[in-house]
$ cat data.csv   # CSV, N, CA and C atoms
chain,number,residue,atom,x,y,z
A,1,MET,N,-40.7,-5.3,38.7
A,1,MET,CA,-41.9,-4.9,38.0
A,1,MET,C,-42.7,-6.2,37.7
A,2,ASN,N,-43.9,-6.1,38.1
A,2,ASN,CA,-44.8,-7.3,37.8
A,2,ASN,C,-45.6,-7.0,36.6
A,3,SER,N,-46.1,-8.1,36.0
A,3,SER,CA,-46.9,-8.0,34.8
A,3,SER,C,-47.9,-9.1,34.8
A,4,LEU,N,-49.0,-9.0,34.1
A,4,LEU,CA,-50.1,-10.0,34.1
A,4,LEU,C,-50.2,-10.5,32.6
A,5,ALA,N,-50.5,-11.7,32.5
A,5,ALA,CA,-50.8,-12.4,31.2
A,5,ALA,C,-51.8,-13.4,31.4
A,6,THR,N,-52.5,-13.8,30.3
A,6,THR,CA,-53.5,-14.9,30.4
A,6,THR,C,-53.2,-15.9,29.4
A,7,ARG,N,-53.7,-17.1,29.7
A,7,ARG,CA,-53.7,-18.2,28.7
A,7,ARG,C,-55.1,-18.8,28.7
A,8,PHE,N,-55.7,-19.1,27.5
A,8,PHE,CA,-57.0,-19.6,27.5
A,8,PHE,C,-57.0,-21.1,27.7
A,9,VAL,N,-58.0,-21.6,28.5
A,9,VAL,CA,-58.2,-23.0,28.7
A,9,VAL,C,-59.7,-23.3,28.4
A,10,SER,N,-60.1,-24.5,28.4
A,10,SER,CA,-61.4,-24.9,28.0
A,10,SER,C,-62.5,-24.2,28.9
A,11,CYS,N,-62.2,-24.1,30.2
A,11,CYS,CA,-63.2,-23.5,31.1
A,11,CYS,C,-63.1,-22.0,31.3
A,12,GLY,N,-62.1,-21.4,30.8
A,12,GLY,CA,-61.9,-20.0,30.9
A,12,GLY,C,-60.5,-19.5,30.6
A,13,SER,N,-59.9,-18.8,31.5
A,13,SER,CA,-58.5,-18.4,31.3
A,13,SER,C,-57.7,-18.7,32.6
A,14,ILE,N,-56.4,-18.7,32.4
A,14,ILE,CA,-55.5,-18.7,33.5
A,14,ILE,C,-54.7,-17.4,33.6
A,15,LEU,N,-54.8,-16.7,34.7
A,15,LEU,CA,-54.1,-15.5,34.9
A,15,LEU,C,-52.7,-15.8,35.5
A,16,TYR,N,-51.7,-15.2,34.9
A,16,TYR,CA,-50.3,-15.4,35.4
A,16,TYR,C,-49.8,-14.0,35.9
A,17,GLY,N,-49.2,-14.0,37.1
A,17,GLY,CA,-48.4,-12.9,37.5
A,17,GLY,C,-47.0,-13.2,37.3
A,18,VAL,N,-46.2,-12.3,36.7
A,18,VAL,CA,-44.9,-12.6,36.3
A,18,VAL,C,-44.0,-11.4,36.7
A,19,ASP,N,-42.8,-11.7,37.3
A,19,ASP,CA,-41.8,-10.7,37.5
A,19,ASP,C,-41.0,-10.6,36.2
A,20,VAL,N,-41.2,-9.5,35.5
A,20,VAL,CA,-40.6,-9.4,34.1
A,20,VAL,C,-39.1,-9.3,34.2
A,21,ALA,N,-38.5,-8.8,35.3
A,21,ALA,CA,-37.1,-8.7,35.4
A,21,ALA,C,-36.4,-10.1,35.5
A,22,THR,N,-37.1,-11.0,36.2
A,22,THR,CA,-36.5,-12.3,36.4
A,22,THR,C,-37.1,-13.5,35.6
A,23,GLY,N,-38.3,-13.2,35.1
A,23,GLY,CA,-39.1,-14.3,34.4
A,23,GLY,C,-39.8,-15.2,35.4
A,24,GLU,N,-39.7,-15.0,36.7
A,24,GLU,CA,-40.3,-15.8,37.7
A,24,GLU,C,-41.8,-15.7,37.6
A,25,THR,N,-42.6,-16.8,37.7
A,25,THR,CA,-44.0,-16.8,37.8
A,25,THR,C,-44.3,-16.6,39.3
A,26,LEU,N,-45.0,-15.5,39.6
A,26,LEU,CA,-45.4,-15.2,41.0
A,26,LEU,C,-46.6,-15.9,41.4
A,27,PHE,N,-47.6,-16.1,40.5
A,27,PHE,CA,-48.8,-16.7,40.9
A,27,PHE,C,-49.6,-17.1,39.6
A,28,THR,N,-50.5,-18.1,39.7
A,28,THR,CA,-51.4,-18.4,38.7
A,28,THR,C,-52.8,-18.4,39.3
A,29,LYS,N,-53.8,-18.1,38.5
A,29,LYS,CA,-55.2,-18.0,39.1
A,29,LYS,C,-56.1,-18.4,37.9
A,30,GLU,N,-57.0,-19.4,38.1
A,30,GLU,CA,-58.0,-19.7,37.1
A,30,GLU,C,-59.1,-18.7,37.2
A,31,LEU,N,-59.5,-18.2,36.0
A,31,LEU,CA,-60.6,-17.2,35.9
A,31,LEU,C,-61.9,-18.0,35.4
A,32,PRO,N,-63.1,-17.6,35.7
A,32,PRO,CA,-64.3,-18.3,35.4
A,32,PRO,C,-64.7,-18.2,33.9
A,33,SER,N,-64.0,-17.3,33.1
A,33,SER,CA,-64.4,-17.1,31.7
A,33,SER,C,-63.1,-16.6,31.0
A,34,LEU,N,-63.2,-16.5,29.7
A,34,LEU,CA,-62.2,-15.9,28.9
A,34,LEU,C,-62.0,-14.4,29.2
A,35,VAL,N,-60.9,-13.9,29.1
A,35,VAL,CA,-60.7,-12.5,29.2
A,35,VAL,C,-61.1,-11.9,27.8
A,36,SER,N,-62.4,-11.7,27.7
A,36,SER,CA,-63.0,-11.2,26.5
A,36,SER,C,-64.5,-11.1,26.7
A,37,VAL,N,-65.2,-10.6,25.7
A,37,VAL,CA,-66.6,-10.5,25.8
A,37,VAL,C,-67.3,-11.5,25.0
A,38,ASP,N,-66.6,-12.2,24.2
A,38,ASP,CA,-67.2,-13.2,23.3
A,38,ASP,C,-66.5,-14.5,23.4
A,39,PRO,N,-67.1,-15.6,24.0
A,39,PRO,CA,-66.4,-16.8,24.2
A,39,PRO,C,-66.2,-17.6,23.0
A,40,TYR,N,-66.7,-17.3,21.8
A,40,TYR,CA,-66.6,-18.1,20.6
A,40,TYR,C,-65.6,-17.7,19.7
A,41,TRP,N,-65.3,-16.4,19.5
A,41,TRP,CA,-64.3,-16.0,18.6
A,41,TRP,C,-62.9,-16.0,19.2
A,42,PRO,N,-61.9,-16.6,18.5
A,42,PRO,CA,-60.6,-16.6,19.1
A,42,PRO,C,-59.9,-15.3,19.0
A,43,HIS,N,-60.1,-14.4,20.0
A,43,HIS,CA,-59.6,-13.1,19.9
A,43,HIS,C,-58.0,-13.0,20.0
A,44,TRP,N,-57.4,-14.1,20.5
A,44,TRP,CA,-56.0,-14.1,20.5
A,44,TRP,C,-55.4,-14.1,19.2
A,45,VAL,N,-56.1,-14.4,18.1
A,45,VAL,CA,-55.6,-14.3,16.7
A,45,VAL,C,-55.4,-12.9,16.3
A,46,ASP,N,-56.3,-12.0,16.8
A,46,ASP,CA,-56.3,-10.6,16.4
A,46,ASP,C,-56.2,-9.8,17.7
A,47,LEU,N,-55.0,-9.4,18.1
A,47,LEU,CA,-54.9,-8.7,19.4
A,47,LEU,C,-55.4,-7.3,19.3
A,48,SER,N,-55.8,-6.8,18.2
A,48,SER,CA,-56.4,-5.5,18.1
A,48,SER,C,-57.9,-5.5,18.5
A,49,TYR,N,-58.4,-6.7,18.8
A,49,TYR,CA,-59.8,-6.8,19.2
A,49,TYR,C,-60.1,-5.9,20.3
A,50,GLU,N,-61.2,-5.2,20.2
A,50,GLU,CA,-61.5,-4.0,21.1
A,50,GLU,C,-61.5,-4.3,22.6
A,51,TYR,N,-61.9,-5.5,23.0
A,51,TYR,CA,-62.1,-5.7,24.4
A,51,TYR,C,-61.2,-6.7,25.0
A,52,HIS,N,-60.1,-7.0,24.3
A,52,HIS,CA,-59.1,-8.0,24.9
A,52,HIS,C,-57.9,-7.2,25.3
A,53,ALA,N,-57.9,-6.6,26.4
A,53,ALA,CA,-56.8,-5.8,26.9
A,53,ALA,C,-56.8,-5.7,28.4
A,54,PHE,N,-55.7,-5.4,28.9
A,54,PHE,CA,-55.5,-5.0,30.3
A,54,PHE,C,-55.3,-3.5,30.4
A,55,GLN,N,-56.0,-2.8,31.2
A,55,GLN,CA,-55.9,-1.4,31.3
A,55,GLN,C,-55.5,-1.0,32.8
A,56,PRO,N,-54.3,-0.5,33.0
A,56,PRO,CA,-53.9,-0.1,34.4
A,56,PRO,C,-54.7,1.1,34.8
A,57,ASP,N,-54.9,1.2,36.1
A,57,ASP,CA,-55.5,2.4,36.7
A,57,ASP,C,-54.5,3.2,37.5
A,58,PRO,N,-54.8,4.4,37.9
A,58,PRO,CA,-53.8,5.2,38.6
A,58,PRO,C,-53.3,4.6,40.0
A,59,ASP,N,-54.2,3.6,40.5
A,59,ASP,CA,-53.8,3.0,41.8
A,59,ASP,C,-53.0,1.7,41.6
A,60,GLY,N,-52.7,1.3,40.4
A,60,GLY,CA,-51.8,0.2,40.1
A,60,GLY,C,-52.6,-1.1,39.9
A,61,PHE,N,-53.9,-1.1,39.9
A,61,PHE,CA,-54.7,-2.3,39.6
A,61,PHE,C,-54.9,-2.3,38.1
A,62,VAL,N,-55.3,-3.5,37.6
A,62,VAL,CA,-55.5,-3.7,36.2
A,62,VAL,C,-56.9,-4.1,35.9
A,63,TRP,N,-57.5,-3.5,34.9
A,63,TRP,CA,-58.9,-3.7,34.6
A,63,TRP,C,-59.0,-4.4,33.3
A,64,THR,N,-60.0,-5.3,33.2
A,64,THR,CA,-60.3,-6.0,32.0
A,64,THR,C,-61.8,-6.5,32.0
A,65,TRP,N,-62.2,-7.2,31.0
A,65,TRP,CA,-63.5,-7.8,30.9
A,65,TRP,C,-63.5,-9.3,31.0
A,66,LEU,N,-64.4,-9.8,31.8
A,66,LEU,CA,-64.7,-11.3,31.8
A,66,LEU,C,-66.1,-11.3,31.3
A,67,LYS,N,-66.2,-11.6,30.0
A,67,LYS,CA,-67.5,-11.5,29.2
A,67,LYS,C,-67.9,-10.0,29.4
A,68,GLU,N,-69.1,-9.8,29.8
A,68,GLU,CA,-69.6,-8.4,29.9
A,68,GLU,C,-69.4,-7.8,31.3
A,69,VAL,N,-68.6,-8.5,32.1
A,69,VAL,CA,-68.4,-8.0,33.5
A,69,VAL,C,-67.0,-7.3,33.6
A,70,LEU,N,-67.0,-6.1,34.1
A,70,LEU,CA,-65.8,-5.4,34.2
A,70,LEU,C,-65.2,-5.8,35.6
A,71,VAL,N,-63.9,-6.1,35.5
A,71,VAL,CA,-63.2,-6.6,36.8
A,71,VAL,C,-62.0,-5.7,37.0
A,72,ARG,N,-61.5,-5.7,38.2
A,72,ARG,CA,-60.3,-5.0,38.6
A,72,ARG,C,-59.4,-6.0,39.3
A,73,ILE,N,-58.2,-6.1,38.8
A,73,ILE,CA,-57.3,-7.2,39.3
A,73,ILE,C,-56.1,-6.6,40.0
A,74,ASN,N,-55.8,-7.1,41.2
A,74,ASN,CA,-54.6,-6.7,41.9
A,74,ASN,C,-53.4,-7.5,41.3
A,75,PRO,N,-52.5,-6.8,40.7
A,75,PRO,CA,-51.4,-7.5,40.0
A,75,PRO,C,-50.4,-8.1,41.0
A,76,LYS,N,-50.5,-7.8,42.3
A,76,LYS,CA,-49.6,-8.3,43.3
A,76,LYS,C,-49.9,-9.8,43.7
A,77,ASP,N,-51.2,-10.1,43.7
A,77,ASP,CA,-51.7,-11.4,44.1
A,77,ASP,C,-52.7,-12.0,43.2
A,78,GLY,N,-53.2,-11.3,42.2
A,78,GLY,CA,-54.2,-11.9,41.3
A,78,GLY,C,-55.6,-11.8,41.8
A,79,THR,N,-55.9,-11.1,42.9
A,79,THR,CA,-57.2,-11.0,43.5
A,79,THR,C,-58.1,-10.3,42.4
A,80,VAL,N,-59.2,-10.9,42.1
A,80,VAL,CA,-60.2,-10.3,41.1
A,80,VAL,C,-61.3,-9.7,41.9
A,81,HIS,N,-61.6,-8.4,41.6
A,81,HIS,CA,-62.7,-7.6,42.2
A,81,HIS,C,-63.7,-7.4,41.1
A,82,VAL,N,-64.9,-7.8,41.3
A,82,VAL,CA,-66.0,-7.5,40.3
A,82,VAL,C,-66.4,-6.1,40.5
A,83,VAL,N,-66.3,-5.3,39.4
A,83,VAL,CA,-66.8,-4.0,39.4
A,83,VAL,C,-68.3,-3.9,39.1
A,84,GLY,N,-68.7,-4.7,38.0
A,84,GLY,CA,-70.1,-4.8,37.7
A,84,GLY,C,-70.3,-5.1,36.2
A,85,LYS,N,-71.5,-5.4,35.9
A,85,LYS,CA,-71.9,-5.7,34.5
A,85,LYS,C,-72.2,-4.4,33.8
A,86,ILE,N,-71.6,-4.2,32.7
A,86,ILE,CA,-71.8,-2.9,31.9
A,86,ILE,C,-72.2,-3.3,30.5
A,87,ASP,N,-73.4,-2.7,30.1
A,87,ASP,CA,-73.9,-3.1,28.8
A,87,ASP,C,-74.2,-1.7,28.1
A,88,PRO,N,-73.6,-1.5,26.9
A,88,PRO,CA,-72.6,-2.3,26.2
A,88,PRO,C,-71.2,-2.1,26.8
A,89,VAL,N,-70.4,-3.1,26.6
A,89,VAL,CA,-69.0,-2.9,27.0
A,89,VAL,C,-68.3,-1.9,26.2
A,90,GLY,N,-67.0,-1.6,26.5
A,90,GLY,CA,-66.3,-0.6,25.8
A,90,GLY,C,-64.8,-0.7,26.2
A,91,TRP,N,-64.0,0.0,25.4
A,91,TRP,CA,-62.5,0.0,25.7
A,91,TRP,C,-62.3,1.0,26.9
A,92,PRO,N,-61.7,0.5,28.0
A,92,PRO,CA,-61.6,1.3,29.2
A,92,PRO,C,-60.3,2.2,29.1
A,93,THR,N,-60.4,3.4,29.5
A,93,THR,CA,-59.3,4.4,29.6
A,93,THR,C,-59.6,5.2,30.8
A,94,PHE,N,-58.5,5.4,31.6
A,94,PHE,CA,-58.6,6.3,32.8
A,94,PHE,C,-58.1,7.7,32.6
A,95,VAL,N,-58.8,8.6,33.1
A,95,VAL,CA,-58.3,10.0,33.2
A,95,VAL,C,-58.6,10.4,34.7
A,96,GLY,N,-57.5,10.4,35.4
A,96,GLY,CA,-57.6,10.6,36.9
A,96,GLY,C,-58.4,9.5,37.5
A,97,HIS,N,-59.5,9.8,38.2
A,97,HIS,CA,-60.3,8.7,38.8
A,97,HIS,C,-61.5,8.4,38.0
A,98,ASP,N,-61.6,9.0,36.8
A,98,ASP,CA,-62.8,8.7,36.0
A,98,ASP,C,-62.4,7.6,34.9
A,99,LEU,N,-63.4,6.8,34.6
A,99,LEU,CA,-63.2,5.7,33.6
A,99,LEU,C,-64.0,6.1,32.4
A,100,TYR,N,-63.4,6.1,31.3
A,100,TYR,CA,-64.1,6.4,30.0
A,100,TYR,C,-64.2,5.0,29.2
A,101,LEU,N,-65.3,4.8,28.6
A,101,LEU,CA,-65.5,3.6,27.8
A,101,LEU,C,-65.8,4.1,26.4
A,102,SER,N,-65.0,3.6,25.5
A,102,SER,CA,-65.2,4.0,24.1
A,102,SER,C,-65.4,2.7,23.3
A,103,GLY,N,-65.5,2.9,22.0
A,103,GLY,CA,-65.7,1.7,21.1
A,103,GLY,C,-66.7,1.9,20.1
A,104,SER,N,-67.5,0.9,19.8
A,104,SER,CA,-68.6,1.0,18.8
A,104,SER,C,-69.8,1.9,19.3
A,105,GLU,N,-69.9,2.0,20.6
A,105,GLU,CA,-70.9,2.9,21.1
A,105,GLU,C,-70.4,4.3,21.3
A,106,GLN,N,-71.2,5.2,21.8
A,106,GLN,CA,-70.8,6.5,22.2
A,106,GLN,C,-69.8,6.5,23.3
A,107,LEU,N,-69.0,7.6,23.4
A,107,LEU,CA,-68.1,7.7,24.5
A,107,LEU,C,-68.9,7.9,25.8
A,108,ARG,N,-68.5,7.1,26.8
A,108,ARG,CA,-69.2,7.2,28.1
A,108,ARG,C,-68.2,7.4,29.2
A,109,ARG,N,-68.6,8.1,30.3
A,109,ARG,CA,-67.7,8.3,31.4
A,109,ARG,C,-68.4,7.9,32.7
A,110,ILE,N,-67.6,7.2,33.6
A,110,ILE,CA,-68.1,6.9,34.9
A,110,ILE,C,-67.2,7.7,35.8
A,111,ARG,N,-67.8,8.7,36.5
A,111,ARG,CA,-67.1,9.6,37.3
A,111,ARG,C,-66.7,9.0,38.6
A,112,ASN,N,-65.4,9.2,39.0
A,112,ASN,CA,-64.9,8.8,40.3
A,112,ASN,C,-65.0,7.3,40.5
A,113,ILE,N,-64.9,6.5,39.5
A,113,ILE,CA,-65.0,5.0,39.7
A,113,ILE,C,-64.0,4.5,40.7
A,114,LEU,N,-62.8,5.1,40.7
A,114,LEU,CA,-61.8,4.6,41.7
A,114,LEU,C,-62.3,4.9,43.1
A,115,GLY,N,-62.9,6.0,43.3
A,115,GLY,CA,-63.5,6.3,44.7
A,115,GLY,C,-64.6,5.3,45.1
A,116,LEU,N,-65.4,4.9,44.1
A,116,LEU,CA,-66.4,3.9,44.3
A,116,LEU,C,-66.0,2.5,44.6
A,117,VAL,N,-64.9,2.0,43.9
A,117,VAL,CA,-64.5,0.7,44.0
A,117,VAL,C,-63.6,0.5,45.2
A,118,SER,N,-62.9,1.5,45.7
A,118,SER,CA,-62.0,1.4,46.8
A,118,SER,C,-62.6,1.5,48.2
A,119,GLN,N,-64.0,1.7,48.2
A,119,GLN,CA,-64.7,1.9,49.5
A,119,GLN,C,-64.9,0.5,50.1
$ encode --input "data.csv" --output "structure tokens"
Amino acid sequence: MNSLATRFVSCGSILYGVDVATGETLFTKELPSLVSVDPYWPHWVDLSYEYHAFQPDPDGFVWTWLKEVLVRINPKDGTVHVVGKIDPVGWPTFVGHDLYLSGSEQLRRIRNILGLVSQ
């Protein structure tokens, strides 16, 4: 079973792919920004911060924010696919192939987003 984790560095974040059964690091990848929407507040202090999370999708990819850009990450090799800039951002949750964004704004749904990004 693979897992993803990040570490913050001055220029952004480092993404780690880890085999949780063995503890082996499978890959590392530098990301262009923090895994967050706000580069100034140290969200690692408060993990309940709304947009600092990895959200798995039904296809096994992991979604998160790089600032206000929604990205989809392949946990097997760390390939980052840009989905797009979404304003305002929100907490991503999947129901089937639909993505729901909640948070301080109204609940929003992007229908069949998995069908759109896998083309």
$ closest_residue --input "data.csv" --among "A:Gln106, A:Phe54, A:Ala21, A:Glu68" --to "Asp87 in chain A" --atoms "all atoms listed in the file"
A:Glu68
$ residues_around --input "data.csv" --residues "Val71 in chain A" --least-positions-apart "2" --cutoff "7 Å" --atoms "only C-alpha atoms" --output "JSON, numbers by chain"
{"A": [63, 64, 65, 69, 73, 80, 81, 82, 83]}
$ closest_residue --input "data.csv" --among "A:Gln55, A:Leu66, A:Asn74, A:Gly115" --to "Thr93 in chain A" --atoms "all atoms listed in the file"
A:Gln55
$ atom_distance --input "data.csv" --atom1 "CA of Asp59 in chain A" --atom2 "atom N of Ser104 in chain A"
26.0 Å
$ residues_around --input "data.csv" --residues "Tyr100 in chain A" --least-positions-apart "2" --cutoff "10 Å" --atoms "only C-alpha atoms" --output "list in words"
Gly90, Trp91, Pro92, Thr93, Phe94, Val95, His97, Asp98, Ser102, Leu107, Arg108, Arg109, Ile110, Arg111 and Ile113 of chain A
